[in-house]
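Below is start_31.txt, holding compact mmCIF, C-alpha atoms and all ligand atoms.
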```txt
# COMPACT_ATOMS: atom_id res chain seq x y z
CA MET G 1 23.85 -41.80 259.80
CA ASN G 2 22.67 -44.63 257.58
CA SER G 3 20.37 -43.84 254.68
CA GLU G 4 17.43 -45.83 256.13
CA LEU G 5 17.47 -43.77 259.37
CA MET G 6 17.86 -40.55 257.34
CA SER G 7 14.79 -41.27 255.24
CA SER G 8 12.72 -42.35 258.28
CA LEU G 9 13.60 -39.02 259.99
CA LYS G 10 12.59 -37.14 256.84
CA ASN G 11 9.20 -38.83 257.08
CA THR G 12 8.70 -37.91 260.74
CA LEU G 13 6.64 -34.85 261.36
CA ASN G 14 8.08 -32.43 263.92
CA ILE G 15 5.01 -31.85 266.08
CA GLU G 16 6.66 -29.03 268.04
CA LEU G 17 6.89 -26.92 264.87
CA ILE G 18 3.17 -27.42 264.23
CA ASN G 19 2.42 -26.51 267.86
CA ALA G 20 4.48 -23.32 267.44
CA ALA G 21 2.43 -22.41 264.34
CA LEU G 22 -0.83 -23.09 266.19
CA ALA G 23 0.27 -20.87 269.07
CA LYS G 24 1.01 -18.01 266.63
CA THR G 25 -2.22 -18.12 264.65
CA PRO G 26 -4.41 -15.02 265.17
CA THR G 27 -7.85 -15.16 266.80
CA GLY G 28 -10.41 -12.33 267.12
CA GLY G 29 -9.87 -10.52 270.44
CA ASN G 30 -7.03 -13.00 271.07
CA ALA G 31 -9.70 -15.37 272.41
CA GLN G 32 -7.50 -18.41 271.57
CA GLN G 33 -10.69 -20.47 271.36
CA PHE G 34 -9.15 -23.42 269.48
CA ILE G 35 -7.88 -26.28 271.63
CA TRP G 36 -5.82 -28.99 269.95
CA LYS G 37 -4.77 -32.50 270.75
CA TRP G 38 -2.46 -34.90 268.88
CA VAL G 39 -4.10 -38.32 268.58
CA SER G 40 -1.19 -39.84 266.65
CA GLN G 41 2.10 -38.73 265.12
CA ASN G 42 0.26 -37.54 261.98
CA THR G 43 -3.28 -36.72 263.18
CA LEU G 44 -4.33 -33.55 264.96
CA HIS G 45 -7.76 -32.88 266.46
CA VAL G 46 -8.81 -29.26 266.89
CA HIS G 47 -11.93 -28.25 268.75
CA HIS G 48 -13.60 -24.91 269.18
CA GLU G 49 -14.26 -23.95 272.80
CA SER G 50 -17.45 -21.89 272.54
CA ALA G 51 -17.15 -20.55 276.11
CA LEU G 52 -14.01 -18.69 274.96
CA ASP G 53 -15.40 -17.12 271.82
CA ALA G 54 -18.58 -15.59 273.26
CA HIS G 55 -17.91 -12.09 271.96
CA TYR G 56 -20.58 -9.57 270.96
CA LEU G 57 -18.79 -9.08 267.62
CA ASN G 58 -18.55 -12.81 266.83
CA ARG G 59 -22.03 -13.04 265.30
CA ASN G 60 -23.07 -16.44 263.99
CA LEU G 61 -19.45 -17.51 264.64
CA HIS G 62 -18.31 -15.61 261.53
CA THR G 63 -15.12 -14.45 263.25
CA SER G 64 -14.40 -17.97 264.49
CA TRP G 65 -14.80 -19.49 261.00
CA ILE G 66 -12.37 -16.98 259.54
CA ALA G 67 -9.95 -17.62 262.44
CA LEU G 68 -10.24 -21.37 261.74
CA GLY G 69 -9.14 -20.64 258.17
CA CYS G 70 -6.13 -18.74 259.56
CA LEU G 71 -5.33 -21.74 261.77
CA ILE G 72 -5.53 -24.24 258.91
CA GLU G 73 -3.26 -22.07 256.76
CA SER G 74 -0.76 -21.72 259.65
CA VAL G 75 -0.65 -25.50 260.07
CA SER G 76 -0.32 -25.97 256.32
CA ILE G 77 2.68 -23.61 256.21
CA ALA G 78 4.40 -25.37 259.14
CA ALA G 79 3.73 -28.74 257.47
CA ALA G 80 4.99 -27.60 254.04
CA TRP G 81 8.20 -26.38 255.66
CA GLN G 82 8.87 -29.98 256.66
CA GLY G 83 7.82 -31.47 253.31
CA PHE G 84 4.32 -32.50 254.42
CA THR G 85 0.87 -31.74 253.04
CA ILE G 86 -2.34 -31.63 255.08
CA GLN G 87 -5.87 -32.93 254.61
CA THR G 88 -8.63 -31.39 256.69
CA THR G 89 -12.12 -32.48 257.67
CA VAL G 90 -14.22 -29.75 259.24
CA GLN G 91 -17.53 -30.33 261.02
CA LYS G 92 -20.44 -27.94 261.57
CA ASP G 93 -19.31 -27.23 265.15
CA LEU G 94 -15.85 -26.23 263.81
CA ARG G 95 -14.33 -29.48 265.11
CA THR G 96 -11.48 -30.19 262.70
CA VAL G 97 -9.29 -33.19 261.98
CA ILE G 98 -5.97 -32.49 260.27
CA THR G 99 -3.86 -35.33 258.88
CA PHE G 100 -0.32 -34.99 257.63
CA THR G 101 1.26 -36.92 254.76
CA PRO G 102 4.70 -36.58 253.23
CA ALA G 103 4.44 -34.55 250.02
CA SER G 104 5.23 -36.47 246.83
CA THR G 105 7.22 -33.45 245.60
CA PRO G 106 8.21 -31.51 248.75
CA VAL G 107 7.97 -27.72 248.43
CA PRO G 108 9.69 -26.22 251.49
CA SER G 109 7.87 -23.05 252.45
CA ALA G 110 9.96 -20.09 253.62
CA GLN G 111 6.76 -18.63 255.08
CA PHE G 112 7.20 -20.53 258.33
CA MET G 113 9.70 -17.99 259.72
CA SER G 114 7.34 -15.14 258.76
CA LEU G 115 4.50 -16.91 260.57
CA ILE G 116 6.50 -17.21 263.78
CA LYS G 117 7.28 -13.45 263.63
CA ARG G 118 3.73 -12.33 262.62
CA SER G 119 1.87 -9.80 264.78
CA THR G 120 -1.03 -7.33 264.81
CA PHE G 121 -0.01 -3.66 264.67
CA ARG G 122 -2.27 -0.95 266.12
CA GLY G 123 -0.02 2.10 265.98
CA ARG G 124 0.65 4.92 263.52
CA PHE G 125 2.10 4.58 260.05
CA GLU G 126 4.64 6.66 258.17
CA LYS G 127 4.17 7.49 254.50
CA SER G 128 4.84 4.51 252.21
CA GLU G 129 4.24 3.13 248.73
CA ALA G 130 1.23 0.83 248.38
CA PRO G 131 2.10 -2.86 248.81
CA ASN G 132 2.43 -5.19 245.84
CA LEU G 133 0.23 -8.27 246.14
CA HIS G 134 -0.03 -8.92 242.40
CA GLU G 135 0.87 -12.59 242.69
CA LEU G 136 -2.03 -13.26 245.10
CA GLN G 137 -4.35 -10.95 243.15
CA ARG G 138 -3.72 -12.85 239.93
CA GLN G 139 -4.93 -16.17 241.39
CA ASN G 140 -8.25 -17.20 239.95
CA SER G 141 -10.37 -17.98 243.00
CA ASP G 142 -13.74 -17.40 244.68
CA VAL G 143 -11.81 -15.41 247.26
CA GLN G 144 -10.14 -12.27 245.91
CA VAL G 145 -7.58 -9.78 247.23
CA HIS G 146 -7.89 -6.03 246.59
CA VAL G 147 -5.48 -3.24 247.48
CA SER G 148 -6.32 0.44 247.84
CA ASP G 149 -3.53 2.98 247.91
CA ASN G 150 -3.70 5.58 250.67
CA LEU G 151 -3.69 8.36 248.06
CA SER G 152 -6.81 7.03 246.38
CA LEU G 153 -8.93 6.69 249.53
CA SER G 154 -12.22 8.47 248.92
CA ASP G 155 -13.73 10.84 251.48
CA LYS G 156 -16.66 8.42 251.70
CA MET G 157 -14.28 5.58 252.60
CA ILE G 158 -12.57 7.64 255.32
CA GLN G 159 -15.95 8.67 256.71
CA PHE G 160 -17.13 5.04 256.65
CA ILE G 161 -14.09 3.84 258.64
CA LYS G 162 -14.49 6.64 261.19
CA SER G 163 -18.17 5.79 261.65
CA ALA G 164 -17.46 2.05 261.97
CA ASP G 165 -14.78 2.78 264.58
CA MET G 166 -17.47 4.42 266.74
CA TYR G 167 -19.33 1.09 266.95
CA LEU G 168 -17.16 0.00 269.87
CA TRP G 169 -18.01 3.15 271.83
CA LEU G 170 -21.65 3.79 270.93
CA GLN G 171 -23.11 0.28 270.85
CA SER G 172 -23.06 -0.33 274.59
CA LYS G 173 -22.88 -4.14 274.56
CA ALA G 174 -19.98 -3.97 272.11
CA THR G 175 -18.27 -1.58 274.54
CA VAL G 176 -18.78 -4.02 277.43
CA SER G 177 -17.43 -6.88 275.29
CA PHE G 178 -14.43 -4.82 274.22
CA PHE G 179 -13.51 -4.07 277.84
CA ARG G 180 -13.83 -7.76 278.69
CA GLU G 181 -11.11 -8.62 276.19
CA ILE G 182 -8.59 -6.01 277.43
CA ARG G 183 -5.91 -6.92 280.00
CA PHE G 184 -4.85 -3.63 281.54
CA PHE G 185 -1.15 -3.19 282.36
CA ASP G 186 -0.44 -6.93 282.13
CA PRO G 187 3.09 -7.75 280.93
CA ASP G 188 2.27 -11.37 279.93
CA THR G 189 2.23 -11.57 276.12
CA THR G 190 0.95 -15.16 275.88
CA LYS G 191 -2.34 -14.99 277.83
CA ARG G 192 -5.78 -14.74 276.20
CA GLY G 193 -7.12 -11.22 275.58
CA ILE G 194 -5.45 -8.03 274.37
CA ARG G 195 -2.85 -6.18 276.45
CA SER G 196 -3.69 -2.50 276.87
CA ALA G 197 -0.09 -1.76 275.81
CA ASN G 198 -0.94 -3.22 272.37
CA LEU G 199 -3.96 -0.99 271.77
CA GLY G 200 -1.93 1.69 269.99
CA VAL G 201 -2.82 4.43 272.50
CA GLY G 202 -0.60 6.15 275.11
CA VAL G 203 -0.43 5.39 278.84
CA ALA G 204 -2.78 8.29 279.74
CA ASP G 205 -5.43 6.81 277.43
CA GLN G 206 -4.89 3.34 278.83
CA ILE G 207 -5.51 4.73 282.34
CA MET G 208 -8.66 6.51 281.15
CA LEU G 209 -9.92 3.34 279.44
CA TYR G 210 -9.08 1.36 282.58
CA LEU G 211 -11.27 3.70 284.67
CA PHE G 212 -14.09 3.46 282.12
CA SER G 213 -13.82 -0.33 282.12
CA PHE G 214 -15.71 -0.25 285.46
CA VAL G 215 -18.56 1.74 283.88
CA PRO G 216 -18.50 0.88 280.15
CA LYS G 217 -22.13 1.92 279.67
CA LEU G 218 -21.33 5.40 280.97
CA LEU G 219 -18.63 5.66 278.30
CA SER G 220 -21.17 4.71 275.61
CA LEU G 221 -23.34 7.59 276.81
CA ILE G 222 -20.80 10.37 277.24
CA VAL G 223 -18.83 9.55 274.09
CA ARG G 224 -21.82 10.98 272.19
CA ILE G 225 -21.07 14.47 273.47
CA PRO G 226 -19.18 16.03 270.53
CA LEU G 227 -17.30 18.51 272.72
CA LEU G 228 -15.60 15.69 274.61
CA ASN G 229 -13.00 14.82 272.06
CA PHE G 230 -11.49 11.79 273.73
CA SER G 231 -7.96 11.14 272.59
CA PHE G 232 -8.65 7.43 271.97
CA LYS G 233 -11.47 8.56 269.67
CA GLN G 234 -8.89 10.70 267.89
CA ALA G 235 -6.48 7.73 267.71
CA SER G 236 -8.66 6.00 265.13
CA ILE G 237 -8.58 9.11 262.94
CA ARG G 238 -4.81 9.47 263.38
CA ASN G 239 -4.36 5.81 262.48
CA LEU G 240 -6.11 6.34 259.16
CA LYS G 241 -3.34 8.67 258.07
CA ASN G 242 -0.94 6.99 255.63
CA ALA G 243 -2.76 3.63 255.88
CA HIS G 244 -3.35 1.56 252.76
CA PHE G 245 -6.24 -0.89 252.81
CA VAL G 246 -6.46 -4.49 251.69
CA LEU G 247 -9.86 -6.10 251.28
CA ILE G 248 -10.59 -9.82 250.97
CA THR G 249 -13.83 -10.63 249.17
CA SER G 250 -15.72 -13.83 248.63
CA SER G 251 -18.34 -14.94 246.12
CA GLU G 252 -20.29 -16.76 248.89
CA ASP G 253 -20.84 -16.37 252.64
CA ASP G 254 -20.94 -20.07 253.61
CA VAL G 255 -18.45 -21.54 256.07
CA ARG G 256 -16.31 -23.16 253.38
CA HIS G 257 -15.72 -19.74 251.85
CA LEU G 258 -15.10 -18.12 255.25
CA ILE G 259 -12.36 -20.69 255.89
CA GLU G 260 -10.90 -19.83 252.46
CA VAL G 261 -11.01 -16.12 253.38
CA GLY G 262 -9.04 -16.93 256.57
CA ARG G 263 -6.48 -18.98 254.61
CA LYS G 264 -5.99 -16.35 251.91
CA SER G 265 -5.79 -13.60 254.55
CA MET G 266 -2.92 -15.37 256.28
CA GLN G 267 -1.01 -15.51 252.98
CA VAL G 268 -1.71 -11.81 252.48
CA TRP G 269 -0.65 -10.97 256.06
CA LEU G 270 2.66 -12.86 255.78
CA GLN G 271 3.47 -11.45 252.34
CA LEU G 272 2.81 -7.94 253.59
CA GLU G 273 5.09 -8.43 256.60
CA ASP G 274 7.77 -9.90 254.32
CA GLN G 275 7.59 -6.63 252.33
CA GLY G 276 8.13 -4.65 255.56
CA TYR G 277 4.50 -3.66 256.13
CA SER G 278 2.60 -3.91 259.41
CA VAL G 279 -0.97 -5.14 259.42
CA GLN G 280 -4.17 -4.64 261.45
CA PRO G 281 -7.49 -6.34 260.72
CA TYR G 282 -10.40 -3.89 260.65
CA SER G 283 -13.25 -6.25 261.50
CA THR G 284 -15.80 -3.67 262.66
CA ALA G 285 -15.72 -2.19 259.14
CA SER G 286 -15.95 -5.53 257.32
CA ILE G 287 -17.11 -8.64 259.21
CA THR G 288 -20.08 -6.55 260.36
CA LEU G 289 -21.12 -6.28 256.68
CA LEU G 290 -21.06 -10.07 256.44
CA ASP G 291 -23.19 -10.21 259.63
CA ALA G 292 -25.68 -7.83 258.00
CA ARG G 293 -25.82 -9.79 254.73
CA ALA G 294 -26.33 -13.06 256.57
CA GLY G 295 -29.11 -11.56 258.76
CA HIS G 296 -27.08 -11.79 261.97
CA MET G 297 -26.88 -8.24 263.21
CA PRO G 298 -27.31 -7.91 266.99
CA PRO G 299 -30.99 -7.48 268.00
CA ASP G 300 -30.16 -4.25 269.85
CA ILE G 301 -28.24 -2.67 266.96
CA LEU G 302 -28.64 1.12 266.75
CA GLU G 303 -30.34 2.32 263.55
CA GLN G 304 -27.26 4.28 262.45
CA PHE G 305 -25.15 1.09 262.46
CA ARG G 306 -27.86 -1.00 260.81
CA THR G 307 -27.74 1.44 257.87
CA LEU G 308 -23.95 1.71 258.00
CA PHE G 309 -23.36 -2.04 257.77
CA SER G 310 -26.20 -3.01 255.44
CA VAL G 311 -26.33 -0.06 253.02
CA THR G 312 -23.52 2.52 253.24
CA GLY G 313 -20.59 0.12 253.91
CA PRO G 314 -21.29 -2.24 250.99
CA GLU G 315 -21.68 0.74 248.60
CA VAL G 316 -18.53 2.48 249.80
CA LEU G 317 -16.32 -0.64 249.69
CA ALA G 318 -17.66 -1.66 246.25
CA GLU G 319 -16.75 1.78 244.90
CA GLN G 320 -13.40 2.10 246.68
CA PHE G 321 -12.13 -1.34 245.62
CA HIS G 322 -13.92 -1.53 242.23
CA LEU G 323 -15.64 -4.77 243.19
CA LYS G 324 -17.40 -6.92 240.62
CA ALA G 325 -21.11 -7.59 241.13
CA ASN G 326 -20.54 -11.07 242.64
CA GLU G 327 -17.83 -9.98 245.10
CA LYS G 328 -18.85 -9.59 248.73
CA PRO G 329 -16.53 -7.80 251.18
CA VAL G 330 -15.54 -10.06 254.10
CA TRP G 331 -12.34 -8.89 255.79
CA LEU G 332 -10.55 -5.55 255.66
CA PHE G 333 -6.96 -4.79 256.71
CA ARG G 334 -5.21 -1.54 257.44
CA VAL G 335 -1.63 -1.73 256.18
CA GLY G 336 1.44 0.50 256.31
CA LYS G 337 5.06 1.02 257.33
CA LYS G 338 6.07 2.02 260.86
C1 LIG G 401 -11.09 -13.09 262.63
C2 LIG G 401 -10.19 -12.09 263.33
C3 LIG G 401 -10.63 -10.79 263.53
C4 LIG G 401 -9.76 -9.83 264.11
N1 LIG G 401 -10.19 -8.53 264.22
C5 LIG G 401 -9.35 -7.59 264.69
C6 LIG G 401 -9.73 -6.21 264.70
O1 LIG G 401 -10.83 -5.85 264.29
N2 LIG G 401 -8.85 -5.30 265.17
C7 LIG G 401 -7.62 -5.66 265.62
O2 LIG G 401 -6.87 -4.79 266.03
N3 LIG G 401 -7.22 -6.96 265.61
C8 LIG G 401 -8.04 -7.92 265.15
N4 LIG G 401 -7.64 -9.24 265.08
C9 LIG G 401 -6.28 -9.58 265.50
C10 LIG G 401 -6.27 -10.21 266.88
O3 LIG G 401 -6.72 -9.30 267.85
C11 LIG G 401 -4.84 -10.65 267.18
O4 LIG G 401 -4.49 -11.65 266.26
C12 LIG G 401 -4.68 -11.21 268.57
O5 LIG G 401 -4.87 -10.18 269.51
C13 LIG G 401 -3.27 -11.81 268.79
O6 LIG G 401 -2.29 -10.83 268.56
P1 LIG G 401 -1.17 -11.03 267.44
O7 LIG G 401 -1.86 -11.06 266.11
O8 LIG G 401 -0.26 -9.84 267.59
O9 LIG G 401 -0.46 -12.34 267.72
C14 LIG G 401 -8.45 -10.21 264.52
C15 LIG G 401 -8.04 -11.54 264.33
C16 LIG G 401 -8.89 -12.47 263.73
C17 LIG G 401 -8.39 -13.88 263.50
```
Turn this file's structure into structure tokens for me.
Amino acid sequence: MNSELMSSLKNTLNIELINAALAKTPTGGNAQQFIWKWVSQNTLHVHHESALDAHYLNRNLHTSWIALGCLIESVSIAAAWQGFTIQTTVQKDLRTVITFTPASTPVPSAQFMSLIKRSTFRGRFEKSEAPNLHELQRQNSDVQVHVSDNLSLSDKMIQFIKSADMYLWLQSKATVSFFREIRFFDPDTTKRGIRSANLGVGVADQIMLYLFSFVPKLLSLIVRIPLLNFSFKQASIRNLKNAHFVLITSSEDDVRHLIEVGRKSMQVWLQLEDQGYSVQPYSTASITLLDARAGHMPPDILEQFRTLFSVTGPEVLAEQFHLKANEKPVWLFRVGKK
């Protein structure tokens, strides 16, 4: 191959690799609300399909902005792998233009393979050492990474997580929304929504949840009866065992910072998986605090959750993760080894 052809190939972006990264980027409830279109060999248009992201938990599009940050980081990793850098322009409606230029000093990123393998884990963890994210923690940024070892979890923190987990069952519109995103007994792993097999509960529980999916409001009512100790209620408690927690904080709540949170979270997620850890976002115990701070709690929120997300949660997370006064919790992850 002559050297001219070689260098022209080096300067050609492999669009299929970027498409693969886009297909693997996480979205809340697996809504896959971002639609993309290539308008030239080095320009990508991404738009946010609001009909797909209408989820009770996606208040003020907070979840979508964080997911957009994940998407931008995924694209950046796939571009870096090929020796390209990206420039992004993001509009208020989340419409995003991404352009690709060859990097002056290419830094091939090994993270691309990790991205293609990345997944959300919802099962049980074995005992493990806490992960080491020192490199990311050292970076001086408005968006910070904190790790809490399983052994140092306070009783208040455990109680907070358990209470936040009940949001999906007690807040009836959240329950309805949750059931809308579940695909019961569907083998297809690529479709929108979450397969019941990936919920981290056994088949008996999936059948029970399937039956309740026809009457979600009834579930919200009877789950309050303490004697009925549903096993899927127990699953959240079981899943706390051996889990370490990683919290991403931000100094501001505006969309630019939420995108940064998404980008940093993807780096955290991939580094954790590279170290052999599995990862699950815990949005009901974190993004809900952002909703509360920004004045976007649902109008029908039950008093117990209003207090949990606006008072108790911020206090507990600040204490557990030793947050500085200007650090606001945005996204929490449960982390451990299978
Ligand atoms: C902003 C955001 C919030 C999410 N919140 C949760 C969550 O609270 N619990 C959870 O299990 N997964 C959560 N996820 C993970 C998605 O459900 C997951 O990425 C999606 O179902 C696709 O599955 P995969 O990550 O295995 O490819 C979240 C993802 C994003 C981007």
Collect all residues with atoms no farther than 9 Å from ligand LIG 401 (chain G), counting all atoms listed in the file, and output them as a PyMOL selection string.
chain G and resi 23-32+58+62-71+117-122+189-190+192-195+198-199+262+279-287+331-333
Pick from G:Met266, G:Leu153, G:Leu57, G:Leu13 nearest to G:Leu168, counting all atoms listed in the file
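Ranking G:Met266, G:Leu153, G:Leu57, G:Leu13 by distance to G:Leu168, first place goes to G:Leu57.
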Name the residues in contact with G:Leu270 at a cut-off of 9 Å, using all atoms listed in the file, excluding same-chain residues fewer than 6 positions from it; report them as a PyMOL selection string.
chain G and resi 111+114-115+118
If you measure from atom CA of G:Leu247 to atom CA of G:His146, what distance in Å do you get, rounded to one decimal?
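Going from atom CA of G:Leu247 over to atom CA of G:His146 covers 5.1 Å.
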Just checking: using all atoms listed in the file, which residue out of G:Leu258, G:Ile301, G:Ala54, G:Ala78 ends up closest to G:Gln171?
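Closest to G:Gln171, using all atoms listed in the file: G:Ile301.
Contact shell of G:Lys241 at 8 Å (all atoms listed in the file; same-chain neighbours under 4 positions omitted): Arg124, Phe125 and Ile237 of chain G.
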If I take atom CA of G:Lys328 and atom CA of G:Gln91, how far is one from the other in Å, to one decimal?
24.1 Å
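Residue neighbourhood of G:Val176, excluding near-sequence residues (fewer than 5 positions): Ser213, Pro216 and Lys217 of chain G, at 8 Å, using all atoms listed in the file.
Among the candidates G:Leu317, G:Leu323, G:Met297, G:Ala103, the residue lying nearest to G:Asn60 is G:Met297 (atoms considered: only C-alpha atoms).
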Please, what distance in Å, to one decimal, runs between atom CA of G:Gly200 and atom CA of G:Gly123?
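It comes out at 4.5 Å.
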Pick the closest to G:Ser177 from G:Tyr56, G:Phe34, G:Phe112, G:Phe245: which is it, counting all atoms listed in the file?
G:Tyr56
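Counting only C-alpha atoms, the residue from G:His296, G:Arg180, G:Arg224, G:His257 that sits nearest to G:Ser141 is G:His257.
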Which neighbours of G:Ala79 fall inside 8 Å, counting all atoms listed in the file, when residues of the same chain fewer than 5 positions from it are skipped, and could you give them as a ChimeraX atom specification?
/G:13,18,84-86,100
